[in-house]
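**Q** The structure file model13.cif (mmCIF, C-alpha atoms) is provided below.
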```cif
data_data
loop_
_atom_site.label_atom_id
_atom_site.label_comp_id
_atom_site.auth_asym_id
_atom_site.auth_seq_id
_atom_site.Cartn_x
_atom_site.Cartn_y
_atom_site.Cartn_z
CA MET A 554 38.67 7.00 -22.29
CA GLU A 555 39.50 8.73 -19.03
CA HIS A 556 38.28 5.95 -16.75
CA SER A 557 37.94 2.22 -17.24
CA LEU A 558 34.43 0.86 -17.74
CA ASN A 559 34.78 -0.98 -14.43
CA GLU A 560 35.39 2.36 -12.66
CA ILE A 561 32.44 3.98 -14.46
CA PHE A 562 30.16 1.02 -13.62
CA SER A 563 31.26 1.14 -9.97
CA ALA A 564 30.65 4.90 -9.81
CA LYS A 565 27.13 4.44 -11.21
CA ASN A 566 26.36 1.72 -8.66
CA GLU A 567 27.61 3.94 -5.82
CA MET A 568 25.30 6.76 -6.94
CA VAL A 569 22.32 4.39 -7.12
CA LYS A 570 23.11 3.05 -3.63
CA LYS A 571 22.96 6.65 -2.36
CA GLY A 572 19.56 7.16 -4.01
CA GLN A 573 20.99 9.44 -6.70
CA ILE A 574 19.00 7.76 -9.48
CA VAL A 575 18.18 10.94 -11.40
CA GLU A 576 21.78 12.13 -11.21
CA ALA A 577 23.09 8.71 -12.33
CA THR A 578 20.74 8.81 -15.32
CA GLU A 579 21.94 12.31 -16.22
CA LYS A 580 25.60 11.33 -15.87
CA PHE A 581 25.77 7.88 -17.44
CA PHE A 582 23.03 7.56 -20.08
CA ALA A 583 23.82 8.22 -23.75
CA PRO A 584 21.49 10.71 -25.48
CA ASP A 585 19.75 7.93 -27.45
CA ALA A 586 19.68 5.34 -24.62
CA LYS A 587 16.78 2.91 -24.40
CA THR A 588 15.35 1.26 -21.28
CA ILE A 589 13.01 -1.71 -20.94
CA ASP A 590 11.09 -2.33 -17.71
CA PHE A 591 10.04 -5.81 -16.62
CA ASP A 592 6.43 -4.88 -17.48
CA GLY A 593 7.47 -4.10 -21.08
CA THR A 594 7.47 -0.28 -20.76
CA VAL A 595 10.14 1.24 -23.01
CA THR A 596 11.78 4.65 -22.78
CA LYS A 597 13.56 6.07 -25.81
CA GLY A 598 16.20 8.66 -25.14
CA LYS A 599 17.97 10.06 -22.11
CA SER A 600 15.51 12.95 -21.66
CA GLU A 601 12.54 10.57 -21.46
CA MET A 602 14.33 8.42 -18.87
CA ILE A 603 15.34 11.49 -16.82
CA ALA A 604 11.71 12.67 -16.76
CA LYS A 605 10.58 9.19 -15.67
CA MET A 606 13.20 9.03 -12.88
CA GLN A 607 12.36 12.57 -11.71
CA GLY A 608 8.69 11.62 -11.43
CA PHE A 609 9.51 8.43 -9.55
CA ALA A 610 12.04 10.07 -7.20
CA GLY A 611 9.59 12.89 -6.50
CA ALA A 612 7.01 10.35 -5.31
CA ILE A 613 9.35 8.85 -2.68
CA ALA A 614 8.63 9.94 0.90
CA LYS A 615 11.41 7.90 2.56
CA VAL A 616 14.25 5.69 1.40
CA ASN A 617 14.42 2.76 3.80
CA GLY A 618 17.30 1.13 1.99
CA ILE A 619 19.02 0.49 -1.30
CA THR A 620 21.22 -2.60 -1.30
CA LEU A 621 23.60 -3.70 -4.02
CA HIS A 622 23.89 -7.48 -3.71
CA ASN A 623 26.01 -8.40 -6.75
CA ALA A 624 27.61 -6.68 -9.70
CA SER A 625 29.38 -8.09 -12.73
CA LEU A 626 30.94 -6.65 -15.86
CA ASN A 627 31.83 -8.70 -18.95
CA GLY A 628 33.00 -6.73 -21.94
CA ASP A 629 30.43 -3.98 -22.59
CA VAL A 630 27.62 -5.67 -20.62
CA SER A 631 27.08 -5.30 -16.88
CA PHE A 632 24.65 -6.79 -14.40
CA ALA A 633 23.71 -5.37 -11.01
CA GLU A 634 21.35 -6.91 -8.45
CA PHE A 635 19.64 -4.39 -6.19
CA THR A 636 16.92 -4.32 -3.56
CA PHE A 637 15.05 -1.00 -3.32
CA ASP A 638 12.90 -0.28 -0.25
CA PHE A 639 10.88 2.95 -0.35
CA ASP A 640 7.89 4.48 1.43
CA MET A 641 5.96 6.49 -1.14
CA LYS A 642 4.14 9.79 -0.61
CA ASP A 643 0.81 8.13 -1.47
CA GLY A 644 1.23 5.79 1.53
CA SER A 645 2.25 2.75 -0.50
CA LYS A 646 5.46 0.81 -0.09
CA VAL A 647 7.86 -0.18 -2.86
CA LEU A 648 10.05 -3.22 -2.28
CA TRP A 649 11.82 -4.25 -5.48
CA HIS A 650 14.42 -6.94 -5.92
CA GLU A 651 15.75 -6.18 -9.37
CA ILE A 652 18.46 -7.15 -11.84
CA LEU A 653 19.72 -4.44 -14.18
CA ARG A 654 21.33 -5.55 -17.45
CA THR A 655 23.22 -2.66 -18.96
CA ILE A 656 24.89 -2.33 -22.35
CA TRP A 657 27.67 0.26 -22.46
CA GLN A 658 29.26 2.06 -25.38
CA ASN A 659 32.14 4.50 -24.98
CA GLY A 660 31.52 4.69 -21.23
CA GLN A 661 27.81 5.51 -21.58
CA ILE A 662 24.67 3.43 -21.20
CA VAL A 663 22.99 2.74 -24.54
CA GLU A 664 20.48 0.20 -23.24
CA GLU A 665 19.31 -0.86 -19.80
CA GLN A 666 16.79 -3.59 -19.07
CA TYR A 667 15.23 -4.29 -15.68
CA PHE A 668 14.28 -7.79 -14.51
CA ASN A 669 12.16 -8.64 -11.48
CA ALA A 670 14.32 -10.90 -9.31
#
```
Do you think you could lay out the structure here as structure tokens?
**A**
Amino acid sequence: MEHSLNEIFSAKNEMVKKGQIVEATEKFFAPDAKTIDFDGTVTKGKSEMIAKMQGFAGAIAKVNGITLHNASLNGDVSFAEFTFDFDMKDGSKVLWHEILRTIWQNGQIVEEQYFNA
């Protein structure tokens, strides 16, 4: 592997902090990756997750802030605690405090689950 998993995990977190959520999905998700939202919604496959992130990112009018509070990596499992603060194009506000649990395999995300913090 060209980079250590810690370097890959850090690079992903840096992209998310910059609001590059679609790009991070494209770069780090394995083709058959699965995601699970805190409401139980499941995506199956990288292409489905990219489409979901494109739709979400396209609905954002303004990014007020994305804060990474904590990050931890143990073996092939990482955790990242973020706060996302967005103004949406429909006039609503999104303020999420979220924990991401990520399972990695060969430097790619094979499963990511989101928890409301």
**Q** In Å, how far is it from atom CA of A:Asp629 to atom CA of A:Asn559?
**A** 9.7 Å
**Q** Neighbours of stretch 566-581 of chain A within 7 Å (only C-alpha atoms; same-chain residues fewer than 3 positions away dropped), as a PyMOL selection string?
**A** chain A and resi 562-563+603+606-607+619-621+661-662
**Q** Which residues come within 7 Å of A:Ile589, counting only C-alpha atoms, excluding same-chain residues fewer than 4 positions away, as a ChimeraX atom specification?
**A** /A:593-596,665-667
**Q** Please determine, counting all atoms listed in the file, which residue among A:Val630, A:Val663, A:Val647, A:Asp638 has the shortest atom-to-atom distance to A:Met602.
**A**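 Using all atoms listed in the file, A:Met602 sits closest to A:Val663.
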**Q** Just so the selection is clear, what residues does the PyMOL selection byres ((chain A and resi 632) around 6) cover here, as a PyMOL selection string?
**A** chain A and resi 624-625+631+633+653-654
**Q** Missing atoms in stretch 630-648 of chain A: can you complete it with N, CA, C and O atoms, as a PDB file, in the coordinates of the input?
**A**
```pdb
ATOM      1  N   VAL A 630      28.897  -5.342 -21.254  1.00  0.00           N
ATOM      2  CA  VAL A 630      27.620  -5.670 -20.620  1.00  0.00           C
ATOM      3  C   VAL A 630      27.852  -5.841 -19.116  1.00  0.00           C
ATOM      4  O   VAL A 630      28.766  -6.537 -18.692  1.00  0.00           O
ATOM      5  N   SER A 631      26.996  -5.168 -18.332  1.00  0.00           N
ATOM      6  CA  SER A 631      27.080  -5.300 -16.880  1.00  0.00           C
ATOM      7  C   SER A 631      25.741  -5.768 -16.323  1.00  0.00           C
ATOM      8  O   SER A 631      24.695  -5.596 -16.952  1.00  0.00           O
ATOM      9  N   PHE A 632      25.827  -6.368 -15.146  1.00  0.00           N
ATOM     10  CA  PHE A 632      24.650  -6.790 -14.400  1.00  0.00           C
ATOM     11  C   PHE A 632      24.795  -6.298 -12.977  1.00  0.00           C
ATOM     12  O   PHE A 632      25.880  -6.370 -12.408  1.00  0.00           O
ATOM     13  N   ALA A 633      23.710  -5.794 -12.408  1.00  0.00           N
ATOM     14  CA  ALA A 633      23.710  -5.370 -11.010  1.00  0.00           C
ATOM     15  C   ALA A 633      22.405  -5.840 -10.376  1.00  0.00           C
ATOM     16  O   ALA A 633      21.334  -5.685 -10.960  1.00  0.00           O
ATOM     17  N   GLU A 634      22.516  -6.429  -9.195  1.00  0.00           N
ATOM     18  CA  GLU A 634      21.350  -6.910  -8.450  1.00  0.00           C
ATOM     19  C   GLU A 634      21.132  -5.990  -7.259  1.00  0.00           C
ATOM     20  O   GLU A 634      22.000  -5.871  -6.391  1.00  0.00           O
ATOM     21  N   PHE A 635      19.984  -5.343  -7.238  1.00  0.00           N
ATOM     22  CA  PHE A 635      19.640  -4.390  -6.190  1.00  0.00           C
ATOM     23  C   PHE A 635      18.338  -4.776  -5.494  1.00  0.00           C
ATOM     24  O   PHE A 635      17.454  -5.368  -6.114  1.00  0.00           O
ATOM     25  N   THR A 636      18.205  -4.366  -4.230  1.00  0.00           N
ATOM     26  CA  THR A 636      16.920  -4.320  -3.560  1.00  0.00           C
ATOM     27  C   THR A 636      16.657  -2.859  -3.209  1.00  0.00           C
ATOM     28  O   THR A 636      17.524  -2.189  -2.627  1.00  0.00           O
ATOM     29  N   PHE A 637      15.476  -2.375  -3.607  1.00  0.00           N
ATOM     30  CA  PHE A 637      15.050  -1.000  -3.320  1.00  0.00           C
ATOM     31  C   PHE A 637      13.879  -1.069  -2.358  1.00  0.00           C
ATOM     32  O   PHE A 637      12.915  -1.780  -2.612  1.00  0.00           O
ATOM     33  N   ASP A 638      13.948  -0.304  -1.275  1.00  0.00           N
ATOM     34  CA  ASP A 638      12.900  -0.280  -0.250  1.00  0.00           C
ATOM     35  C   ASP A 638      12.519   1.172   0.004  1.00  0.00           C
ATOM     36  O   ASP A 638      13.310   1.929   0.580  1.00  0.00           O
ATOM     37  N   PHE A 639      11.326   1.567  -0.470  1.00  0.00           N
ATOM     38  CA  PHE A 639      10.880   2.950  -0.350  1.00  0.00           C
ATOM     39  C   PHE A 639       9.494   3.022   0.265  1.00  0.00           C
ATOM     40  O   PHE A 639       8.646   2.168   0.009  1.00  0.00           O
ATOM     41  N   ASP A 640       9.249   4.079   1.044  1.00  0.00           N
ATOM     42  CA  ASP A 640       7.890   4.480   1.430  1.00  0.00           C
ATOM     43  C   ASP A 640       7.528   5.618   0.477  1.00  0.00           C
ATOM     44  O   ASP A 640       8.301   6.572   0.303  1.00  0.00           O
ATOM     45  N   MET A 641       6.366   5.509  -0.149  1.00  0.00           N
ATOM     46  CA  MET A 641       5.960   6.490  -1.140  1.00  0.00           C
ATOM     47  C   MET A 641       5.034   7.542  -0.515  1.00  0.00           C
ATOM     48  O   MET A 641       4.389   7.292   0.513  1.00  0.00           O
ATOM     49  N   LYS A 642       4.966   8.692  -1.125  1.00  0.00           N
ATOM     50  CA  LYS A 642       4.140   9.790  -0.610  1.00  0.00           C
ATOM     51  C   LYS A 642       2.656   9.450  -0.595  1.00  0.00           C
ATOM     52  O   LYS A 642       1.909  10.013   0.201  1.00  0.00           O
ATOM     53  N   ASP A 643       2.227   8.515  -1.450  1.00  0.00           N
ATOM     54  CA  ASP A 643       0.810   8.130  -1.470  1.00  0.00           C
ATOM     55  C   ASP A 643       0.477   7.085  -0.405  1.00  0.00           C
ATOM     56  O   ASP A 643      -0.641   6.579  -0.353  1.00  0.00           O
ATOM     57  N   GLY A 644       1.449   6.758   0.458  1.00  0.00           N
ATOM     58  CA  GLY A 644       1.230   5.790   1.530  1.00  0.00           C
ATOM     59  C   GLY A 644       1.581   4.364   1.168  1.00  0.00           C
ATOM     60  O   GLY A 644       1.596   3.492   2.033  1.00  0.00           O
ATOM     61  N   SER A 645       1.880   4.112  -0.097  1.00  0.00           N
ATOM     62  CA  SER A 645       2.250   2.750  -0.500  1.00  0.00           C
ATOM     63  C   SER A 645       3.719   2.493  -0.186  1.00  0.00           C
ATOM     64  O   SER A 645       4.473   3.405   0.158  1.00  0.00           O
ATOM     65  N   LYS A 646       4.087   1.234  -0.299  1.00  0.00           N
ATOM     66  CA  LYS A 646       5.460   0.810  -0.090  1.00  0.00           C
ATOM     67  C   LYS A 646       5.976   0.188  -1.376  1.00  0.00           C
ATOM     68  O   LYS A 646       5.256  -0.522  -2.061  1.00  0.00           O
ATOM     69  N   VAL A 647       7.209   0.454  -1.722  1.00  0.00           N
ATOM     70  CA  VAL A 647       7.860  -0.180  -2.860  1.00  0.00           C
ATOM     71  C   VAL A 647       8.987  -1.033  -2.310  1.00  0.00           C
ATOM     72  O   VAL A 647       9.855  -0.539  -1.583  1.00  0.00           O
ATOM     73  N   LEU A 648       8.968  -2.315  -2.633  1.00  0.00           N
ATOM     74  CA  LEU A 648      10.050  -3.220  -2.280  1.00  0.00           C
ATOM     75  C   LEU A 648      10.363  -4.021  -3.546  1.00  0.00           C
ATOM     76  O   LEU A 648       9.620  -4.919  -3.920  1.00  0.00           O
TER      77      LEU A 648
END
```
